[in-house]
file coords_11.tsv (TSV, C-alpha atoms and all ligand atoms)
chain	number	residue	atom	x	y	z
Z	1	MET	CA	128.97	97.39	96.41
Z	2	ASN	CA	132.40	96.16	97.43
Z	3	LYS	CA	133.35	94.63	100.79
Z	4	PHE	CA	134.86	97.89	102.08
Z	5	GLN	CA	131.67	99.88	101.28
Z	6	GLU	CA	129.58	97.19	102.89
Z	7	LYS	CA	131.70	97.13	106.05
Z	8	SER	CA	131.54	100.93	106.32
Z	9	ILE	CA	127.75	100.90	105.98
Z	10	LEU	CA	127.38	98.24	108.66
Z	11	LYS	CA	129.58	100.28	111.01
Z	12	ILE	CA	127.52	103.44	110.44
Z	13	MET	CA	124.31	101.51	110.93
Z	14	GLY	CA	125.52	100.04	114.21
Z	15	LYS	CA	125.85	103.59	115.58
Z	16	LEU	CA	122.39	104.50	114.34
Z	17	PHE	CA	120.80	101.38	115.84
Z	18	LYS	CA	122.28	102.21	119.22
Z	19	LYS	CA	120.81	105.73	119.16
Z	20	GLU	CA	117.42	104.36	118.08
Z	21	ASN	CA	117.40	101.60	120.70
Z	22	ASP	CA	118.38	104.05	123.45
Z	23	LEU	CA	115.02	105.79	122.93
Z	24	SER	CA	113.25	102.69	124.21
Z	25	LYS	CA	115.03	103.15	127.57
Z	26	LEU	CA	113.37	106.53	128.18
Z	27	ASP	CA	110.33	106.49	130.46
Z	28	SER	CA	108.15	108.80	128.41
Z	29	THR	CA	108.31	107.06	125.00
Z	30	LEU	CA	105.84	104.67	123.36
Z	31	LYS	CA	107.82	101.44	123.37
Z	32	TYR	CA	107.59	98.11	121.59
Z	33	SER	CA	105.54	95.32	123.13
Z	34	GLU	CA	105.83	91.53	123.28
Z	35	ASP	CA	104.03	91.09	119.99
Z	36	SER	CA	105.77	93.93	118.15
Z	37	PRO	CA	107.22	93.15	114.72
Z	38	VAL	CA	110.96	92.74	114.23
Z	39	ARG	CA	112.27	95.34	111.77
Z	40	TYR	CA	113.65	93.77	108.61
Z	41	GLU	CA	117.14	95.24	108.28
Z	42	LEU	CA	117.24	95.55	104.51
Z	43	MET	CA	120.78	96.92	104.29
Z	44	ILE	CA	122.21	94.18	106.51
Z	45	GLU	CA	120.11	91.27	105.29
Z	46	GLY	CA	120.62	92.36	101.68
Z	47	SER	CA	124.37	91.87	101.98
Z	48	LYS	CA	123.77	88.11	102.30
Z	49	TYR	CA	122.35	87.86	98.80
Z	50	GLY	CA	124.53	88.11	95.72
Z	51	LYS	CA	126.10	90.94	93.80
Z	52	ARG	CA	123.71	93.84	94.62
Z	53	THR	CA	122.98	95.42	91.27
Z	54	GLY	CA	121.93	99.03	91.30
Z	55	PHE	CA	124.06	99.93	94.30
Z	56	GLY	CA	126.97	101.24	92.19
Z	57	LEU	CA	128.82	104.54	92.44
Z	58	LYS	CA	125.93	106.53	91.01
Z	59	ILE	CA	123.79	105.82	94.04
Z	60	ILE	CA	126.38	106.99	96.57
Z	61	PRO	CA	125.24	110.66	96.89
Z	62	THR	CA	121.68	109.48	97.50
Z	63	MET	CA	122.87	106.94	100.07
Z	64	VAL	CA	124.95	109.59	101.86
Z	65	SER	CA	121.89	111.84	102.04
Z	66	ILE	CA	119.74	108.94	103.30
Z	67	PHE	CA	122.22	108.18	106.09
Z	68	ARG	CA	122.54	111.87	106.97
Z	69	ASN	CA	118.76	112.17	107.34
Z	70	GLU	CA	118.44	108.90	109.23
Z	71	PHE	CA	120.89	110.21	111.82
Z	72	LYS	CA	119.06	113.53	111.86
Z	73	THR	CA	115.86	111.78	112.98
Z	74	VAL	CA	117.54	110.90	116.29
Z	75	ASN	CA	120.20	113.61	116.60
Z	76	THR	CA	117.67	116.46	116.41
Z	77	LEU	CA	115.45	115.17	119.22
Z	78	LYS	CA	117.48	117.30	121.64
Z	79	ASN	CA	116.02	120.36	119.89
Z	80	ASN	CA	112.49	119.58	121.05
Z	81	PRO	CA	110.96	122.16	123.42
Z	82	LYS	CA	111.03	121.18	127.12
Z	83	ASN	CA	107.30	121.80	127.62
Z	84	PRO	CA	105.82	121.18	124.17
Z	85	LYS	CA	102.39	122.35	123.11
Z	86	LYS	CA	99.77	119.62	122.84
Z	87	GLU	CA	96.97	121.40	120.98
Z	88	ILE	CA	97.12	122.65	117.42
Z	89	THR	CA	94.80	125.37	116.12
Z	90	ALA	CA	92.90	124.99	112.86
Z	91	ALA	CA	95.12	127.67	111.29
Z	92	GLU	CA	98.32	125.90	112.42
Z	93	LEU	CA	97.03	122.58	111.12
Z	94	GLN	CA	96.40	124.15	107.73
Z	95	GLN	CA	99.91	125.64	107.79
Z	96	LEU	CA	101.30	122.17	108.56
Z	97	LYS	CA	99.40	120.62	105.65
Z	98	ASP	CA	100.46	123.41	103.29
Z	99	PHE	CA	104.09	123.08	104.41
Z	100	ALA	CA	104.10	119.29	103.90
Z	101	GLU	CA	102.55	119.67	100.47
Z	102	LYS	CA	105.01	122.40	99.48
Z	103	LYS	CA	107.91	120.14	100.48
Z	104	GLY	CA	106.56	117.39	98.22
Z	105	ALA	CA	104.40	115.13	100.40
Z	106	GLY	CA	101.51	114.04	98.18
Z	107	LEU	CA	99.65	112.27	100.97
Z	108	ILE	CA	99.12	113.40	104.56
Z	109	GLY	CA	96.99	111.67	107.19
Z	110	PHE	CA	96.85	111.21	110.95
Z	111	ALA	CA	96.89	108.03	113.04
Z	112	LYS	CA	97.08	107.10	116.72
Z	113	LEU	CA	99.81	104.54	117.24
Z	114	SER	CA	99.63	101.49	119.44
Z	115	GLU	CA	102.71	99.76	120.81
Z	116	GLN	CA	102.09	96.75	118.51
Z	117	LEU	CA	103.14	98.91	115.55
Z	118	VAL	CA	106.46	99.89	117.15
Z	119	PHE	CA	109.35	97.63	116.08
Z	120	GLU	CA	111.06	95.40	118.62
Z	121	ASN	CA	113.68	97.31	120.65
Z	122	LYS	CA	112.46	100.65	119.25
Z	123	ALA	CA	110.33	103.49	120.57
Z	124	VAL	CA	108.69	106.68	119.33
Z	125	LEU	CA	108.46	109.89	121.33
Z	126	HIS	CA	104.69	110.24	120.89
Z	127	PRO	CA	101.76	108.06	119.77
Z	128	ASN	CA	100.37	110.84	117.53
Z	129	ALA	CA	101.54	110.15	113.99
Z	130	ILE	CA	101.47	112.41	110.96
Z	131	VAL	CA	101.66	109.90	108.09
Z	132	LEU	CA	103.24	111.08	104.84
Z	133	GLY	CA	103.32	109.58	101.35
Z	134	PHE	CA	105.55	110.46	98.39
Z	135	GLU	CA	104.92	109.39	94.81
Z	136	MET	CA	107.33	107.30	92.72
Z	137	GLN	CA	107.22	108.33	89.07
Z	138	LYS	CA	105.30	105.95	86.85
Z	139	ASP	CA	107.65	106.08	83.86
Z	140	LYS	CA	110.52	104.91	86.09
Z	141	ILE	CA	108.55	102.20	87.90
Z	142	ASP	CA	107.33	100.88	84.55
Z	143	THR	CA	110.92	99.97	83.65
Z	144	ALA	CA	111.23	97.58	86.65
Z	145	PRO	CA	113.48	95.80	87.20
Z	146	SER	CA	116.03	98.38	86.09
Z	147	LEU	CA	118.67	100.76	87.36
Z	148	ASN	CA	116.31	103.65	86.57
Z	149	CYS	CA	113.60	102.14	88.73
Z	150	GLN	CA	116.07	101.41	91.51
Z	151	HIS	CA	117.23	105.02	91.52
Z	152	GLU	CA	113.64	106.24	91.64
Z	153	VAL	CA	112.91	104.09	94.70
Z	154	MET	CA	116.06	105.36	96.44
Z	155	ARG	CA	115.28	108.96	95.44
Z	156	THR	CA	111.85	108.58	97.01
Z	157	TYR	CA	113.32	107.23	100.25
Z	158	ASP	CA	115.73	110.14	100.32
Z	159	GLU	CA	113.12	112.83	99.58
Z	160	LEU	CA	110.76	111.48	102.24
Z	161	GLY	CA	113.55	111.40	104.84
Z	162	ILE	CA	114.31	115.04	104.07
Z	163	ILE	CA	110.62	116.03	104.24
Z	164	SER	CA	110.15	114.21	107.54
Z	165	ASN	CA	113.05	116.11	109.15
Z	166	LYS	CA	111.86	119.42	107.70
Z	167	ILE	CA	108.34	118.93	109.07
Z	168	SER	CA	109.80	118.10	112.48
Z	169	ARG	CA	111.80	121.32	112.45
Z	170	PHE	CA	108.67	123.23	111.36
Z	171	LEU	CA	106.71	121.79	114.30
Z	172	ARG	CA	109.48	122.51	116.83
Z	173	LYS	CA	109.55	126.14	115.73
Z	174	LYS	CA	105.84	126.30	116.53
Z	175	GLY	CA	106.41	124.91	120.05
Z	176	PHE	CA	105.50	121.24	119.44
Z	177	SER	CA	107.68	118.22	120.05
Z	178	ALA	CA	108.45	116.08	116.98
Z	179	HIS	CA	110.25	112.85	116.18
Z	180	ALA	CA	110.89	112.33	112.48
Z	181	GLY	CA	110.62	108.84	111.07
Z	182	HIS	CA	112.60	107.70	108.02
Z	183	PRO	CA	111.11	105.59	105.21
Z	184	LEU	CA	114.15	103.31	105.14
Z	185	MET	CA	114.11	101.73	108.58
Z	186	GLY	CA	112.10	103.90	111.02
Z	187	ALA	CA	110.85	102.95	114.47
Z	188	ALA	CA	107.35	101.71	113.55
Z	189	LEU	CA	105.51	99.87	110.80
Z	190	TYR	CA	104.21	102.33	108.21
Z	191	PRO	CA	101.61	100.43	106.10
Z	192	PRO	CA	99.18	99.69	108.97
Z	193	MET	CA	99.74	103.26	110.15
Z	194	ALA	CA	98.70	104.61	106.73
Z	195	GLN	CA	95.74	102.25	106.71
Z	196	ARG	CA	94.73	103.52	110.15
Z	197	ALA	CA	95.08	107.09	108.83
Z	198	GLY	CA	92.57	106.24	106.09
Z	199	LEU	CA	95.04	107.04	103.31
Z	200	ALA	CA	95.17	103.69	101.55
Z	201	TRP	CA	94.73	99.92	101.91
Z	202	ILE	CA	97.37	97.21	102.00
Z	203	GLY	CA	97.34	95.13	98.80
Z	204	TYR	CA	98.32	91.46	98.51
Z	205	SER	CA	101.89	92.44	97.71
Z	206	GLY	CA	102.16	94.26	101.04
Z	207	ILE	CA	102.34	97.54	99.16
Z	208	MET	CA	99.83	100.26	100.01
Z	209	ILE	CA	97.25	101.20	97.37
Z	210	SER	CA	95.84	104.73	97.34
Z	211	PRO	CA	93.44	106.55	94.99
Z	212	GLU	CA	96.10	109.15	94.17
Z	213	TYR	CA	99.07	106.92	93.29
Z	214	GLY	CA	97.85	103.31	93.24
Z	215	PRO	CA	100.79	101.25	94.60
Z	216	ARG	CA	103.39	103.81	93.50
Z	217	PHE	CA	104.34	105.60	96.71
Z	218	ARG	CA	106.47	105.25	99.82
Z	219	LEU	CA	105.67	106.20	103.40
Z	220	THR	CA	107.12	107.81	106.46
Z	221	ALA	CA	105.75	109.47	109.63
Z	222	VAL	CA	106.41	112.23	112.12
Z	223	TYR	CA	105.46	111.52	115.76
Z	224	THR	CA	104.36	114.60	117.61
Z	225	SER	CA	103.09	115.93	120.93
Z	226	ILE	CA	99.94	117.24	119.17
Z	227	GLU	CA	97.03	115.35	120.69
Z	228	ASN	CA	94.14	116.95	118.79
Z	229	LEU	CA	95.14	115.98	115.25
Z	230	PRO	CA	92.17	114.97	113.06
Z	231	PHE	CA	92.78	111.23	113.49
Z	232	SER	CA	90.92	109.18	110.95
Z	233	GLU	CA	88.06	107.05	112.19
Z	234	ASP	CA	87.36	105.04	109.10
Z	235	ASN	CA	88.91	103.84	105.87
Z	236	GLU	CA	86.95	103.80	102.63
Z	237	HIS	CA	89.52	101.69	100.78
Z	238	ALA	CA	88.81	98.30	102.37
Z	239	TRP	CA	87.24	97.11	99.09
Z	240	VAL	CA	90.78	96.89	97.65
Z	241	ARG	CA	91.26	93.65	99.61
Z	242	GLU	CA	88.32	92.05	97.79
Z	243	TYR	CA	89.77	93.27	94.50
Z	244	CYS	CA	93.09	91.64	95.40
Z	245	ASP	CA	91.27	88.36	96.17
Z	246	GLN	CA	90.19	88.23	92.54
Z	247	CYS	CA	93.31	89.76	90.97
Z	248	ARG	CA	96.38	88.02	92.43
Z	249	ARG	CA	98.50	89.28	89.56
Z	250	CYS	CA	101.47	90.21	91.76
Z	251	ILE	CA	101.48	86.68	93.19
Z	252	LYS	CA	101.65	85.18	89.71
Z	253	GLU	CA	104.28	87.60	88.37
Z	254	CYS	CA	106.60	87.67	91.39
Z	255	PRO	CA	109.84	86.04	90.19
Z	256	GLY	CA	110.66	84.81	93.70
Z	257	ARG	CA	107.22	83.37	94.50
Z	258	ALA	CA	107.62	85.53	97.59
Z	259	ILE	CA	104.05	86.80	98.01
Z	260	TYR	CA	101.86	84.62	100.21
Z	261	ASP	CA	98.70	83.32	98.60
Z	262	GLU	CA	97.02	83.89	101.95
Z	263	ALA	CA	98.63	86.61	104.06
Z	264	ILE	CA	99.64	85.58	107.58
Z	265	GLU	CA	97.67	87.22	110.39
Z	266	HIS	CA	99.59	87.52	113.66
Z	267	PRO	CA	97.85	87.44	117.09
Z	268	SER	CA	98.31	91.24	117.34
Z	269	GLY	CA	96.27	91.70	114.13
Z	270	ARG	CA	99.36	92.59	112.08
Z	271	ILE	CA	99.42	91.00	108.63
Z	272	THR	CA	102.51	89.68	106.83
Z	273	HIS	CA	102.39	89.42	103.03
Z	274	ILE	CA	105.92	88.69	101.88
Z	275	GLU	CA	108.46	85.96	102.60
Z	276	ASN	CA	111.54	88.17	102.77
Z	277	THR	CA	114.04	85.36	102.20
Z	278	LYS	CA	112.38	84.62	98.83
Z	279	CYS	CA	112.05	88.28	97.81
Z	280	MET	CA	115.57	89.37	98.73
Z	281	PRO	CA	117.57	87.43	96.11
Z	282	HIS	CA	115.55	89.24	93.43
Z	283	PHE	CA	115.39	92.55	95.26
Z	284	VAL	CA	119.15	92.62	95.75
Z	285	ASN	CA	120.28	91.22	92.40
Z	286	GLU	CA	117.63	92.76	90.15
Z	287	PHE	CA	117.76	96.48	90.95
Z	288	GLY	CA	115.26	96.34	93.81
Z	289	CYS	CA	112.90	94.29	91.57
Z	290	SER	CA	109.58	96.20	92.10
Z	291	ILE	CA	107.79	93.98	89.56
Z	292	CYS	CA	104.91	93.64	92.05
Z	293	ILE	CA	104.37	97.41	91.87
Z	294	LYS	CA	104.71	97.62	88.10
Z	295	VAL	CA	102.20	94.86	87.30
Z	296	CYS	CA	99.54	95.94	89.80
Z	297	PRO	CA	96.40	97.09	87.92
Z	298	PHE	CA	96.29	100.13	90.22
Z	299	ASN	CA	99.58	101.24	88.66
Z	300	ASN	CA	98.03	101.23	85.21
Z	301	VAL	CA	94.34	102.08	85.59
Z	302	PRO	CA	92.95	104.91	87.76
Z	303	TYR	CA	91.65	103.80	91.16
Z	304	GLU	CA	88.14	105.21	90.55
Z	305	ILE	CA	87.74	103.33	87.26
Z	306	LEU	CA	88.83	100.04	88.83
Z	307	LYS	CA	86.49	100.70	91.73
Z	308	SER	CA	83.43	101.50	89.64
Z	309	ASN	CA	84.02	98.44	87.39
Z	310	PHE	CA	84.52	96.24	90.43
Z	311	MET	CA	81.37	97.48	92.16
Z	312	LYS	CA	79.14	96.80	89.14
K	401	LIG	S1	110.00	92.92	94.86
K	401	LIG	FE1	110.03	91.29	93.27
K	401	LIG	S2	110.61	89.44	94.36
K	401	LIG	FE2	109.98	90.92	95.92
K	401	LIG	S3	107.79	90.52	96.24
K	401	LIG	FE3	107.89	92.13	94.68
K	401	LIG	S4	107.87	91.00	92.73
K	401	LIG	FE4	108.38	89.51	94.34
K	402	LIG	S1	98.57	93.12	91.69
K	402	LIG	FE1	96.44	92.64	92.18
K	402	LIG	S2	96.54	91.31	93.96
K	402	LIG	FE2	98.51	92.34	93.80
K	402	LIG	S3	98.31	94.17	95.09
K	402	LIG	FE3	97.78	94.78	93.00
K	402	LIG	S4	95.53	94.56	92.91
K	402	LIG	FE4	96.24	93.41	94.70
call {"tool": "encode", "arguments": {"input": "coords_11.tsv", "output": "structure tokens"}}
result
Amino acid sequence: MNKFQEKSILKIMGKLFKKENDLSKLDSTLKYSEDSPVRYELMIEGSKYGKRTGFGLKIIPTMVSIFRNEFKTVNTLKNNPKNPKKEITAAELQQLKDFAEKKGAGLIGFAKLSEQLVFENKAVLHPNAIVLGFEMQKDKIDTAPSLNCQHEVMRTYDELGIISNKISRFLRKKGFSAHAGHPLMGAALYPPMAQRAGLAWIGYSGIMISPEYGPRFRLTAVYTSIENLPFSEDNEHAWVREYCDQCRRCIKECPGRAIYDEAIEHPSGRITHIENTKCMPHFVNEFGCSICIKVCPFNNVPYEILKSNFMK
């Protein structure tokens, strides 16, 4: 990426940040709190580290689509109904699940958000989150670090941003209010949200691990006025943490030594796994790196097999 491209991106992002931050000034939104996390601005922070491989001309159409959909998440909020419905019927819920699946979401779960998951200076319209996961193809991830892998990660971000906006439009048509999140950026922290939704568990590398895709998926969410979603009350994947305790492969293979041996637990209960300043030089200069995803046993052996061996 040359200086001109970088400057243009920063200018576009400044406009987006303003729109996002303005949401936190509205009375009715769920806003950040004192112990909310600060969002890591990948696109801005990344520009401080080296030559940025993998962000060449080929990626531009995907980036344009990503930006378009990021803006859509805030620009379409004006389309929400004035008096949105708050209860979904069983038939409507099934239609929602079917629609999400048809659009490509491989994982769908439901979580109640607390303000500690909302990023500093941000807000979401509603605390009721529909959490969505989208698979990254194994053959591409297995080439990490590579241009192919980098494109797959960006494709996934783009697809999820599109799905999130489509689901929001679907909900608005049915009389609900919806606020689409975007997997690149977004107003709240997705991994703990997915954990709360019972979809997966956070591995040592900070990446979510699910039975369906192991560590090979990305997340987003749609925040909605629907108050009677089937919010998860438990999570059967907590054993993954004990597996990680014994595995630690991502820690050993990480070229930046960026994964903490012991994750940091913040007073709010939020857990930090990665030292971003150590990850970024590799992430930026080595096609988004992704070695921690590639080497994870859950990328190579089915979840149920690892589980049954581990439980013996
Ligand atoms: S992306 Fe690469 S550098 Fe960053 S944590 Fe994973 S393995 Fe380490
Ligand atoms: S590589 Fe091992 S320690 Fe790292 S996330 Fe995967 S299972 Fe956990």
call {"tool": "closest_residue", "arguments": {"input": "coords_11.tsv", "among": "Z:Thr29, Z:Asn79, Z:Asn299, Z:Thr89", "to": "Z:Phe217", "atoms": "all atoms listed in the file"}}
result
Z:Asn299
call {"tool": "atom_distance", "arguments": {"input": "coords_11.tsv", "atom1": "atom CA of Z:Arg39", "atom2": "atom CA of Z:Ser268"}}
result
15.6 Å
call {"tool": "residues_near_ligand", "arguments": {"input": "coords_11.tsv", "ligand": "ligand LIG 402 (chain K)", "cutoff": "9 Å", "atoms": "all atoms listed in the file", "output": "ChimeraX atom specification"}}
result
/Z:202-209,214-215,240-253,259,292-299
call {"tool": "write_last_selection", "arguments": {"input": "coords_11.tsv", "atoms": "C-alpha atoms", "output": "PDB file, in the frame of the given file"}}
result
ATOM      1  CA  ILE Z 202      97.370  97.210 102.000  1.00  0.00           C
ATOM      2  CA  GLY Z 203      97.340  95.130  98.800  1.00  0.00           C
ATOM      3  CA  TYR Z 204      98.320  91.460  98.510  1.00  0.00           C
ATOM      4  CA  SER Z 205     101.890  92.440  97.710  1.00  0.00           C
ATOM      5  CA  GLY Z 206     102.160  94.260 101.040  1.00  0.00           C
ATOM      6  CA  ILE Z 207     102.340  97.540  99.160  1.00  0.00           C
ATOM      7  CA  MET Z 208      99.830 100.260 100.010  1.00  0.00           C
ATOM      8  CA  ILE Z 209      97.250 101.200  97.370  1.00  0.00           C
ATOM      9  CA  GLY Z 214      97.850 103.310  93.240  1.00  0.00           C
ATOM     10  CA  PRO Z 215     100.790 101.250  94.600  1.00  0.00           C
ATOM     11  CA  VAL Z 240      90.780  96.890  97.650  1.00  0.00           C
ATOM     12  CA  ARG Z 241      91.260  93.650  99.610  1.00  0.00           C
ATOM     13  CA  GLU Z 242      88.320  92.050  97.790  1.00  0.00           C
ATOM     14  CA  TYR Z 243      89.770  93.270  94.500  1.00  0.00           C
ATOM     15  CA  CYS Z 244      93.090  91.640  95.400  1.00  0.00           C
ATOM     16  CA  ASP Z 245      91.270  88.360  96.170  1.00  0.00           C
ATOM     17  CA  GLN Z 246      90.190  88.230  92.540  1.00  0.00           C
ATOM     18  CA  CYS Z 247      93.310  89.760  90.970  1.00  0.00           C
ATOM     19  CA  ARG Z 248      96.380  88.020  92.430  1.00  0.00           C
ATOM     20  CA  ARG Z 249      98.500  89.280  89.560  1.00  0.00           C
ATOM     21  CA  CYS Z 250     101.470  90.210  91.760  1.00  0.00           C
ATOM     22  CA  ILE Z 251     101.480  86.680  93.190  1.00  0.00           C
ATOM     23  CA  LYS Z 252     101.650  85.180  89.710  1.00  0.00           C
ATOM     24  CA  GLU Z 253     104.280  87.600  88.370  1.00  0.00           C
ATOM     25  CA  ILE Z 259     104.050  86.800  98.010  1.00  0.00           C
ATOM     26  CA  CYS Z 292     104.910  93.640  92.050  1.00  0.00           C
ATOM     27  CA  ILE Z 293     104.370  97.410  91.870  1.00  0.00           C
ATOM     28  CA  LYS Z 294     104.710  97.620  88.100  1.00  0.00           C
ATOM     29  CA  VAL Z 295     102.200  94.860  87.300  1.00  0.00           C
ATOM     30  CA  CYS Z 296      99.540  95.940  89.800  1.00  0.00           C
ATOM     31  CA  PRO Z 297      96.400  97.090  87.920  1.00  0.00           C
ATOM     32  CA  PHE Z 298      96.290 100.130  90.220  1.00  0.00           C
ATOM     33  CA  ASN Z 299      99.580 101.240  88.660  1.00  0.00           C
TER      34      ASN Z 299
END
call {"tool": "atom_distance", "arguments": {"input": "coords_11.tsv", "atom1": "atom CA of Z:Arg169", "atom2": "atom CA of Z:Thr224"}}
result
11.3 Å
call {"tool": "closest_residue", "arguments": {"input": "coords_11.tsv", "among": "Z:Leu171, Z:Ser146, Z:Glu87, Z:Leu160", "to": "ligand LIG 401 (chain K)", "atoms": "all atoms listed in the file"}}
result
Z:Ser146
call {"tool": "axis_aligned_box", "arguments": {"input": "coords_11.tsv", "around": "ligand LIG 401 (chain K)", "padding_each_side": "3 Å", "output": "AutoDock Vina command-line options"}}
result
--center_x 109.2 --center_y 91.2 --center_z 94.5 --size_x 8.8 --size_y 9.5 --size_z 9.5
call {"tool": "residues_near_ligand", "arguments": {"input": "coords_11.tsv", "ligand": "ligand LIG 401 (chain K)", "cutoff": "8 Å", "atoms": "all atoms listed in the file", "output": "PyMOL selection string"}}
result
chain Z and resi 205+250-251+253-259+274-276+278-283+288-293
call {"tool": "residues_near_point", "arguments": {"input": "coords_11.tsv", "point": "(107.9, 103.6, 123.2)", "cutoff": "9 Å", "atoms": "only C-alpha atoms", "output": "PyMOL selection string"}}
result
chain Z and resi 23-33+115+118+121-127
call {"tool": "closest_residue", "arguments": {"input": "coords_11.tsv", "among": "Z:Val38, Z:Ala91, Z:Ile44, Z:Ala221", "to": "Z:Ala180", "atoms": "all atoms listed in the file"}}
result
Z:Ala221
call {"tool": "atom_distance", "arguments": {"input": "coords_11.tsv", "atom1": "atom CA of Z:Asn128", "atom2": "atom CA of Z:Glu41"}}
result
24.7 Å
call {"tool": "decode", "arguments": {"input": "coords_11.tsv", "residues": "stretch 279-301 of chain Z", "atoms": "N, CA and C atoms", "output": "PDB file, in the first residue's frame"}}
result
ATOM      1  N   CYS Z 279       2.716  -8.870  17.689  1.00  0.00           N
ATOM      2  CA  CYS Z 279       2.048  -9.576  16.588  1.00  0.00           C
ATOM      3  C   CYS Z 279       2.097  -8.761  15.295  1.00  0.00           C
ATOM      4  N   MET Z 280       1.888  -7.451  15.424  1.00  0.00           N
ATOM      5  CA  MET Z 280       1.680  -6.627  14.228  1.00  0.00           C
ATOM      6  C   MET Z 280       2.820  -6.654  13.208  1.00  0.00           C
ATOM      7  N   PRO Z 281       4.099  -6.608  13.630  1.00  0.00           N
ATOM      8  CA  PRO Z 281       5.141  -6.642  12.597  1.00  0.00           C
ATOM      9  C   PRO Z 281       5.015  -7.879  11.697  1.00  0.00           C
ATOM     10  N   HIS Z 282       4.590  -8.994  12.262  1.00  0.00           N
ATOM     11  CA  HIS Z 282       4.428 -10.218  11.460  1.00  0.00           C
ATOM     12  C   HIS Z 282       3.108 -10.190  10.709  1.00  0.00           C
ATOM     13  N   PHE Z 283       2.081  -9.733  11.376  1.00  0.00           N
ATOM     14  CA  PHE Z 283       0.757  -9.651  10.746  1.00  0.00           C
ATOM     15  C   PHE Z 283       0.821  -8.761   9.506  1.00  0.00           C
ATOM     16  N   VAL Z 284       1.475  -7.629   9.644  1.00  0.00           N
ATOM     17  CA  VAL Z 284       1.507  -6.645   8.553  1.00  0.00           C
ATOM     18  C   VAL Z 284       2.454  -7.073   7.437  1.00  0.00           C
ATOM     19  N   ASN Z 285       3.618  -7.593   7.811  1.00  0.00           N
ATOM     20  CA  ASN Z 285       4.640  -7.873   6.793  1.00  0.00           C
ATOM     21  C   ASN Z 285       4.606  -9.297   6.270  1.00  0.00           C
ATOM     22  N   GLU Z 286       3.826 -10.152   6.885  1.00  0.00           N
ATOM     23  CA  GLU Z 286       3.755 -11.560   6.442  1.00  0.00           C
ATOM     24  C   GLU Z 286       2.317 -11.955   6.134  1.00  0.00           C
ATOM     25  N   PHE Z 287       1.668 -11.188   5.286  1.00  0.00           N
ATOM     26  CA  PHE Z 287       0.340 -11.549   4.758  1.00  0.00           C
ATOM     27  C   PHE Z 287      -0.687 -11.862   5.841  1.00  0.00           C
ATOM     28  N   GLY Z 288      -0.686 -11.115   6.912  1.00  0.00           N
ATOM     29  CA  GLY Z 288      -1.672 -11.375   7.978  1.00  0.00           C
ATOM     30  C   GLY Z 288      -1.305 -12.575   8.826  1.00  0.00           C
ATOM     31  N   CYS Z 289      -0.109 -13.110   8.631  1.00  0.00           N
ATOM     32  CA  CYS Z 289       0.471 -14.226   9.405  1.00  0.00           C
ATOM     33  C   CYS Z 289      -0.487 -15.424   9.538  1.00  0.00           C
ATOM     34  N   SER Z 290      -1.311 -15.473  10.557  1.00  0.00           N
ATOM     35  CA  SER Z 290      -2.288 -16.564  10.778  1.00  0.00           C
ATOM     36  C   SER Z 290      -1.653 -17.922  11.093  1.00  0.00           C
ATOM     37  N   ILE Z 291      -0.362 -17.927  11.417  1.00  0.00           N
ATOM     38  CA  ILE Z 291       0.297 -19.192  11.777  1.00  0.00           C
ATOM     39  C   ILE Z 291      -0.386 -19.824  12.999  1.00  0.00           C
ATOM     40  N   CYS Z 292      -0.828 -18.959  13.939  1.00  0.00           N
ATOM     41  CA  CYS Z 292      -1.463 -19.501  15.152  1.00  0.00           C
ATOM     42  C   CYS Z 292      -2.738 -20.279  14.817  1.00  0.00           C
ATOM     43  N   ILE Z 293      -3.414 -19.907  13.746  1.00  0.00           N
ATOM     44  CA  ILE Z 293      -4.622 -20.639  13.342  1.00  0.00           C
ATOM     45  C   ILE Z 293      -4.216 -21.941  12.649  1.00  0.00           C
ATOM     46  N   LYS Z 294      -3.235 -21.821  11.752  1.00  0.00           N
ATOM     47  CA  LYS Z 294      -2.813 -22.998  10.977  1.00  0.00           C
ATOM     48  C   LYS Z 294      -2.305 -24.133  11.874  1.00  0.00           C
ATOM     49  N   VAL Z 295      -1.503 -23.799  12.883  1.00  0.00           N
ATOM     50  CA  VAL Z 295      -0.856 -24.865  13.667  1.00  0.00           C
ATOM     51  C   VAL Z 295      -1.751 -25.436  14.775  1.00  0.00           C
ATOM     52  N   CYS Z 296      -2.869 -24.784  15.034  1.00  0.00           N
ATOM     53  CA  CYS Z 296      -3.732 -25.250  16.124  1.00  0.00           C
ATOM     54  C   CYS Z 296      -4.244 -26.660  15.816  1.00  0.00           C
ATOM     55  N   PRO Z 297      -4.123 -27.600  16.756  1.00  0.00           N
ATOM     56  CA  PRO Z 297      -4.618 -28.960  16.510  1.00  0.00           C
ATOM     57  C   PRO Z 297      -6.082 -28.994  16.068  1.00  0.00           C
ATOM     58  N   PHE Z 298      -6.873 -28.020  16.537  1.00  0.00           N
ATOM     59  CA  PHE Z 298      -8.288 -27.998  16.156  1.00  0.00           C
ATOM     60  C   PHE Z 298      -8.482 -27.632  14.683  1.00  0.00           C
ATOM     61  N   ASN Z 299      -7.428 -27.145  14.045  1.00  0.00           N
ATOM     62  CA  ASN Z 299      -7.498 -26.900  12.600  1.00  0.00           C
ATOM     63  C   ASN Z 299      -7.258 -28.184  11.824  1.00  0.00           C
ATOM     64  N   ASN Z 300      -6.641 -29.152  12.479  1.00  0.00           N
ATOM     65  CA  ASN Z 300      -6.202 -30.343  11.748  1.00  0.00           C
ATOM     66  C   ASN Z 300      -6.898 -31.638  12.165  1.00  0.00           C
ATOM     67  N   VAL Z 301      -7.453 -31.650  13.358  1.00  0.00           N
ATOM     68  CA  VAL Z 301      -8.127 -32.864  13.854  1.00  0.00           C
ATOM     69  C   VAL Z 301      -9.538 -32.453  14.297  1.00  0.00           C
TER      70      VAL Z 301
END
